[in-house]
Structures are given as C-alpha cells and as structure tokens.
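Novice: Below is one structure. I have some questions about it.
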Amino acid sequence: MPGSYNQLLEIQERTNSIGPDFGYLNMWYKIYVVVLSKTVEISDPYKAINFLGDCQKLYKDYIKKLIFERDRTICMICGIANKNGEWHIDHIIPKSKFPISHPWNLQILCVECNLKKRDDLLNAVPLFIEGARLRTTELFPDENINEMYEVLSDLYQTPEVERKPLESFFDKIIETESGWASIKAIIKDFSMIWMKR
Ligand SMILES: [Zn+2]
C-alpha cells in the first residue's frame, strides 16, 4: 500500500520543527500520487520526505519527456536542435498574462531564445500556439493530453479549468490574427470563466 494522505499529515506532525510546511507536503503528495503511488510504501517520515524530494526529479523528467518528445528537442523560435543541450519550457502566452499550463500553451525554446523573447514576439502567439496544438494532437491521444495537462497543472499551479472551454479558448486565439491587443481581450473574457471557479 502506498502512503496515504493521513500518513503524510502524520509525517508532517512528527517532523513539524524541521520539515517542510503543509503546503509543500501537499504538493509533493500530489506528485508522488502521479508518479509512483503504486509501488512505494511510506512508513519512515525521513525516508518519506527524501522520497518525495526524489519525486520532484522524476516528475520534472516526466514533463520534460512529454514536451520534448512532442517538440523533438527543436527550439520553436530559431529552429536549432540541441543547441548547448539546454532548454526551457516556455509558456507561449506568458504565465503572467495567462497562467494555464496546457500543452498547447507550452513549447521548447533554447535558453537564448527564451531570454530574448520579448513583447514583439507576442503577436506571433497564435502561430506558436497553433504549432503546439498540432504537435500535441499529432503525438498524444486525447486521454494522454488530459494526463499531461493534469501533471503540468500541478507543476505550474494552473487554475482548474475544464478542458472544453480551454480548447475553444485556444481555438479563438489561433483564429485571431489582429495582434496581441485582441489576444489580451480574449484572455480577459476567458479569465471570467476561471475566476468564477
Ligand atoms: Zn532558439
């Protein structure tokens, strides 16, 4: 049997003075459920915390694998493959404007392009998103996209949003060709949906 939520609470109680806070444990609880819930037993609190720490790496590797597999390790701005071997997972619509980590809003960028990505590139958002959407649909069946979205949502603290309105949101963005101002208006409309939740 894997560790339960109550066990984690117990762990937190027992390690209160030295352990991470509850929010942190809660986050790792989600992570370990996603990654390894079927194979690991949590009995010792110190082992458990170390184990949850190890999950972070597995979890990030899992995300990277999915997105890298989709984007084939090619920078979506400069098109160069495997430059320096270092990559960022970029939120196409910046996270500050739209905190949704749906695979359609994510792409692989090389470090240089990510650092250089400025406001002038925002008008290319529909193009980038359409590319991400096509690559996602091509590579992952529906249920895998959902799984990927859930995992990404946990990692990036994405608000809970139903998938259907989210997809129509992205479709609207893709159809928009009149620049960042219009896209911001669509984001504003859509934010009314998720703020209510
Ligand atoms: Zn690049």
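We label chains A, B, ... in the order they appear in the structure tokens, count residues from 1 in each chain, and number ligands from 1 in the order shown.
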Write as a list in words the residues around ligand 1, taking 9 Å as the cut-off and counting only C-alpha atoms and all ligand atoms.

Specialist: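 The distance check yields Ile74, Cys75, Met76, Ile77, Cys78, Gly79, Ile80, Ala81, Lys83, Trp87, Ile108, Leu109, Cys110, Val111, Glu112, Cys113 and Asn114 of chain A.
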
Novice: For Ile183 of chain A, work out the shell of residues within 9 Å, counting only C-alpha atoms and skipping chain neighbours fewer than 6 positions away, then give it as a PyMOL selection string.

Specialist: chain A and resi 123+125-126+172-173+176-177

Novice: Let's have the selection written as a compact mmCIF listing (two decimals), in the first residue's frame, with C-alpha atoms.

Specialist:
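Full text of again.txt as output:
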```txt
# COMPACT_ATOMS: atom_id res chain seq x y z
CA ASN A 123 1.95 38.91 -31.91
CA VAL A 125 1.35 33.82 -30.23
CA PRO A 126 -1.42 32.38 -32.49
CA LYS A 172 -10.12 31.55 -30.63
CA ILE A 173 -6.54 32.62 -30.09
CA THR A 176 -7.02 35.76 -34.10
CA GLU A 177 -4.63 37.47 -36.42
```

Novice: Identify which of the residues A:Phe98, A:Asn146, A:Asn105, A:Glu138 lies closest to Asp189 of chain A, counting only C-alpha atoms when measuring atom-to-atom distances.

Specialist: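 Smallest distance to Asp189 of chain A is found for A:Phe98.
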
Novice: Under the rule that only C-alpha atoms are counted, which of A:Lys97, A:Glu143, A:Gly85, A:Arg135 is the nearest residue to Lys188 of chain A?

Specialist: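 Comparing A:Lys97, A:Glu143, A:Gly85, A:Arg135 against Lys188 of chain A, the winner is A:Lys97.
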
Novice: Can you measure atom CA of Thr158 of chain A to atom CA of Lys95 of chain A for me? One decimal in Å is fine.

Specialist: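 Taking atom CA of Thr158 of chain A and atom CA of Lys95 of chain A, their separation equals 9.5 Å.
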
Novice: In Å, rounded to a single decimal, give me how far atom CA of Thr136 of chain A is from atom CA of Glu69 of chain A.

Specialist: 9.7 Å

Novice: If you measure from atom CA of Leu121 of chain A to atom CA of Asp142 of chain A, what distance in Å do you get, rounded to one decimal?

Specialist: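 Interatomic distance here is 29.4 Å.
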
Novice: Which one of A:Phe128, A:Phe140, A:Tyr149, A:Phe170 sits closest to His91 of chain A if you count only C-alpha atoms?

Specialist: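 Looking only at the distances to His91 of chain A, the closest residue turns out to be A:Phe128.
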
Novice: Go through segment 66-192 of chain A and collect every residue that DSSP, computed from the backbone, puts in strand (DSSP E); the answer should be as a list in words.

Specialist: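 Strand (DSSP E) members of segment 66-192 of chain A, listed: Trp87, His88, Ile89, Asp90, His91, Leu106, Gln107, Ile108, Leu109 and Cys110 of chain A.
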